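Before any comments, here is the structure.
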Amino acid sequence: MTPGALLLDIDGTLYVGDDAVPGAPAAVQLLQGRGIPIRYLTNTTRFSRQELASRLRAMGFPAADEQLFTAPVAAAAWLARERVRRIALYVPESTLADFRDFEMVDERPEAVVVGDLGEAWSFATLNRAFRQLLDGARLVALQRNRYWRTPDGLTLDAGAFVAALEFGAAVQAVVVGKPSAEFFRLAAASLPAAAAPPVVVGDDIETDIAGARAAGLPAILVRTGKFRASDLQASLTRPDAVIDSVADLPGLFP
Ligand SMILES: [Mg+2]
């Protein structure tokens, strides 16, 4: 069986830390060389697709900027699909370029887009977003993680601020990042129209595999990155296949 396309998680699946997973660049080159459309998936809201693509290329992956599918790119795809034009952005500066097709406004935006603004949050900033929601804007969250680890300790992530805005304005956010099924549906929709349904490949049984399944897509788990056999056993999700690494992917599709 040959997949119609591949949606490849990047962190922990194609590289771990600063190093490519051994054999992964050659495997992806081989598969793309066979004409299989590829998208590279990540939830990060801290880098633009250009930055991520050049990082992948430096490791030997055949990654054009347009092949990167990030949470901000998913948000832009969602906004375009919903025909939203006027937005207020609460995202790191590095991802602003992903929203250049939209009009940035402070007054009466149609959508408030929230990512990990980190230290740039203030009461005034949060309150502005709150008032825009009261004025009828829809709340779009790039992700809703509670916290993440930084060099000086655990740090509040975007989810805590999304929850504050949901509570204050009595609205519910549309989450476009993993593990939402919407992320995988939007990634699949970004593929060439003729492509058959894609297969998702990732190292996280919940965010990658369960998310793909919720979108009705087949999914392959790799034993690299954050893979733990105990997580797989404890999960109700069953991948379609489990392989040691992306290097073994071409062998699955002879
Ligand atoms: Mg991963």
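Here, A, B, ... name the chains of the structure tokens in the order displayed, residue numbers run from 1 inside each chain, and ligands are numbered from 1 in the same displayed order.
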
Inset, instruction - Could you please extract the residues within 7 Å of ligand 1, counting only C-alpha atoms and all ligand atoms, and hand them back as number ranges by chain? - result: A: 9-13, 202-204, 225-226

Output N, CA and C atoms for every residue in that selection, as a PDB file, in the first residue's frame.
```pdb
ATOM      1  N   ASP A   9       4.810  14.607  11.731  1.00  0.00           N
ATOM      2  CA  ASP A   9       5.174  15.425  12.887  1.00  0.00           C
ATOM      3  C   ASP A   9       6.686  15.659  12.808  1.00  0.00           C
ATOM      4  N   ILE A  10       7.184  16.804  13.269  1.00  0.00           N
ATOM      5  CA  ILE A  10       8.636  17.033  13.153  1.00  0.00           C
ATOM      6  C   ILE A  10       9.392  16.805  14.465  1.00  0.00           C
ATOM      7  N   ASP A  11       8.961  17.455  15.558  1.00  0.00           N
ATOM      8  CA  ASP A  11       9.746  17.370  16.792  1.00  0.00           C
ATOM      9  C   ASP A  11       9.591  15.986  17.432  1.00  0.00           C
ATOM     10  N   GLY A  12      10.688  15.271  17.567  1.00  0.00           N
ATOM     11  CA  GLY A  12      10.643  13.932  18.152  1.00  0.00           C
ATOM     12  C   GLY A  12      10.413  12.848  17.120  1.00  0.00           C
ATOM     13  N   THR A  13       9.969  13.245  15.940  1.00  0.00           N
ATOM     14  CA  THR A  13       9.714  12.276  14.868  1.00  0.00           C
ATOM     15  C   THR A  13      10.803  12.369  13.796  1.00  0.00           C
ATOM     16  N   GLY A 202       3.773  10.176  13.812  1.00  0.00           N
ATOM     17  CA  GLY A 202       4.191  10.997  14.941  1.00  0.00           C
ATOM     18  C   GLY A 202       4.702  10.169  16.112  1.00  0.00           C
ATOM     19  N   ASP A 203       5.277  10.875  17.094  1.00  0.00           N
ATOM     20  CA  ASP A 203       5.871  10.204  18.262  1.00  0.00           C
ATOM     21  C   ASP A 203       4.998  10.299  19.504  1.00  0.00           C
ATOM     22  N   ASP A 204       3.854  11.002  19.405  1.00  0.00           N
ATOM     23  CA  ASP A 204       3.026  11.221  20.593  1.00  0.00           C
ATOM     24  C   ASP A 204       1.677  10.516  20.408  1.00  0.00           C
ATOM     25  N   GLY A 225      11.726  10.248  19.994  1.00  0.00           N
ATOM     26  CA  GLY A 225      11.180  11.428  20.665  1.00  0.00           C
ATOM     27  C   GLY A 225      10.571  11.094  22.001  1.00  0.00           C
ATOM     28  N   LYS A 226       9.293  11.485  22.195  1.00  0.00           N
ATOM     29  CA  LYS A 226       8.669  11.272  23.500  1.00  0.00           C
ATOM     30  C   LYS A 226       7.978   9.925  23.633  1.00  0.00           C
TER      31      LYS A 226
END
```

Which residues of region 151-243 of chain A come within 12 Å of region 60-83 of chain A, and for each one, what is the closest pair of atoms and their distance in Å to one decimal, counting only C-alpha atoms, sorted by chain and residue number, as a Markdown table?
```
| residue | atom | partner | partner_atom | distance |
| --- | --- | --- | --- | --- |
| A:Ala173 | CA | A:Ala75 | CA | 11.9 |
| A:Val174 | CA | A:Ala75 | CA | 9.4 |
| A:Val175 | CA | A:Ala75 | CA | 8.6 |
| A:Val176 | CA | A:Ala75 | CA | 5.8 |
| A:Gly177 | CA | A:Ala71 | CA | 4.8 |
| A:Lys178 | CA | A:Ala71 | CA | 7.6 |
| A:Pro179 | CA | A:Ala71 | CA | 10.5 |
| A:Ser180 | CA | A:Ala71 | CA | 10.5 |
| A:Ala181 | CA | A:Ala74 | CA | 11.3 |
| A:Glu182 | CA | A:Ala74 | CA | 8.5 |
| A:Phe183 | CA | A:Ala74 | CA | 6.2 |
| A:Phe184 | CA | A:Ala74 | CA | 8.9 |
| A:Arg185 | CA | A:Ala74 | CA | 9.4 |
| A:Leu186 | CA | A:Ala74 | CA | 6.2 |
| A:Ala187 | CA | A:Phe69 | CA | 6.5 |
| A:Ala188 | CA | A:Phe69 | CA | 9.9 |
| A:Ala189 | CA | A:Ala77 | CA | 9.1 |
| A:Ser190 | CA | A:Ala77 | CA | 8.4 |
| A:Leu191 | CA | A:Gln67 | CA | 9.0 |
| A:Pro192 | CA | A:Gln67 | CA | 11.1 |
```

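Going from CA of Asp116 (chain A) to CA of Thr45 (chain A) covers 6.5 Å.
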
Legend entry - Given only C-alpha atoms as the counted atoms, nearest of A:Arg100, A:Arg57, A:Arg46, A:Arg144 to Val162 (chain A): A:Arg144

Inset, instruction - Considering only C-alpha atoms, return as a ChimeraX atom specification whatever protein or nucleic-acid residues lie within 10 Å of Tyr147 (chain A), sequence-local ones (same chain, fewer than 3 positions apart) excluded. - result: /A:144,150,154-160

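Across A:Leu139, A:Arg108, A:Thr42, A:Ser235, the tightest approach to Tyr90 (chain A) is made by A:Leu139 when counting only C-alpha atoms.
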
Inset, instruction - Write out as a PyMOL selection string each polymer residue whose atoms come within 7 Å of region 17-34 of chain A, counting only C-alpha atoms; drop sequence neighbours fewer than 2 positions from it. - result: chain A and resi 14-15+36-38+59-62+246-247+249-250

If we count only C-alpha atoms, what is near Val113 (chain A) at a cut-off of 6 Å, once residues fewer than 5 positions away on the same chain are taken out, given as an mmCIF file with C-alpha atoms, in the first residue's frame?
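Listed below is the output, out_26.cif:
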```cif
data_model
loop_
_atom_site.group_PDB
_atom_site.id
_atom_site.type_symbol
_atom_site.label_atom_id
_atom_site.label_comp_id
_atom_site.auth_asym_id
_atom_site.auth_seq_id
_atom_site.Cartn_x
_atom_site.Cartn_y
_atom_site.Cartn_z
ATOM 1 C CA LEU A 89 -3.504 38.981 16.991
ATOM 2 C CA TYR A 90 -2.061 37.911 20.326
ATOM 3 C CA VAL A 140 -9.259 31.173 18.029
ATOM 4 C CA ALA A 141 -6.538 29.449 20.079
#
```

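Take CA of Asp106 (chain A) and CA of Asn145 (chain A): the distance between them is 25.7 Å.
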
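Considering the residues A:Leu232, A:Ile205, A:Val200, A:Leu52 and counting only C-alpha atoms, Pro218 (chain A) has its shortest atom-to-atom contact with A:Val200.
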
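Between CA of Ile87 (chain A) and CA of Arg39 (chain A) the interatomic distance comes to 26.2 Å.
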
Wanna dump the region 17-111 of chain A-region 129-137 of chain A contacts at 7 Å for me, each residue with its shortest atom pair and the distance in Å to one decimal, counting only C-alpha atoms, ordered by chain and number, as JSON lines?
```
{"residue": "A:Arg108", "atom": "CA", "partner": "A:Gln132", "partner_atom": "CA", "distance": 6.1}
{"residue": "A:Pro109", "atom": "CA", "partner": "A:Ala137", "partner_atom": "CA", "distance": 5.8}
{"residue": "A:Glu110", "atom": "CA", "partner": "A:Ala137", "partner_atom": "CA", "distance": 4.5}
{"residue": "A:Ala111", "atom": "CA", "partner": "A:Ala137", "partner_atom": "CA", "distance": 4.6}
```

Residues just named, written with N, CA and C atoms as a compact mmCIF listing (two decimals), in the first residue's frame:
```
# COMPACT_ATOMS: atom_id res chain seq x y z
N ARG A 108 -13.32 46.18 16.81
CA ARG A 108 -14.27 45.22 16.27
C ARG A 108 -13.69 44.19 15.29
N PRO A 109 -12.68 43.46 15.72
CA PRO A 109 -12.19 42.36 14.88
C PRO A 109 -13.25 41.27 14.82
N GLU A 110 -13.18 40.47 13.75
CA GLU A 110 -14.09 39.32 13.65
C GLU A 110 -13.56 38.13 14.44
N ALA A 111 -12.24 38.11 14.65
CA ALA A 111 -11.65 37.01 15.42
C ALA A 111 -10.48 37.52 16.25
```
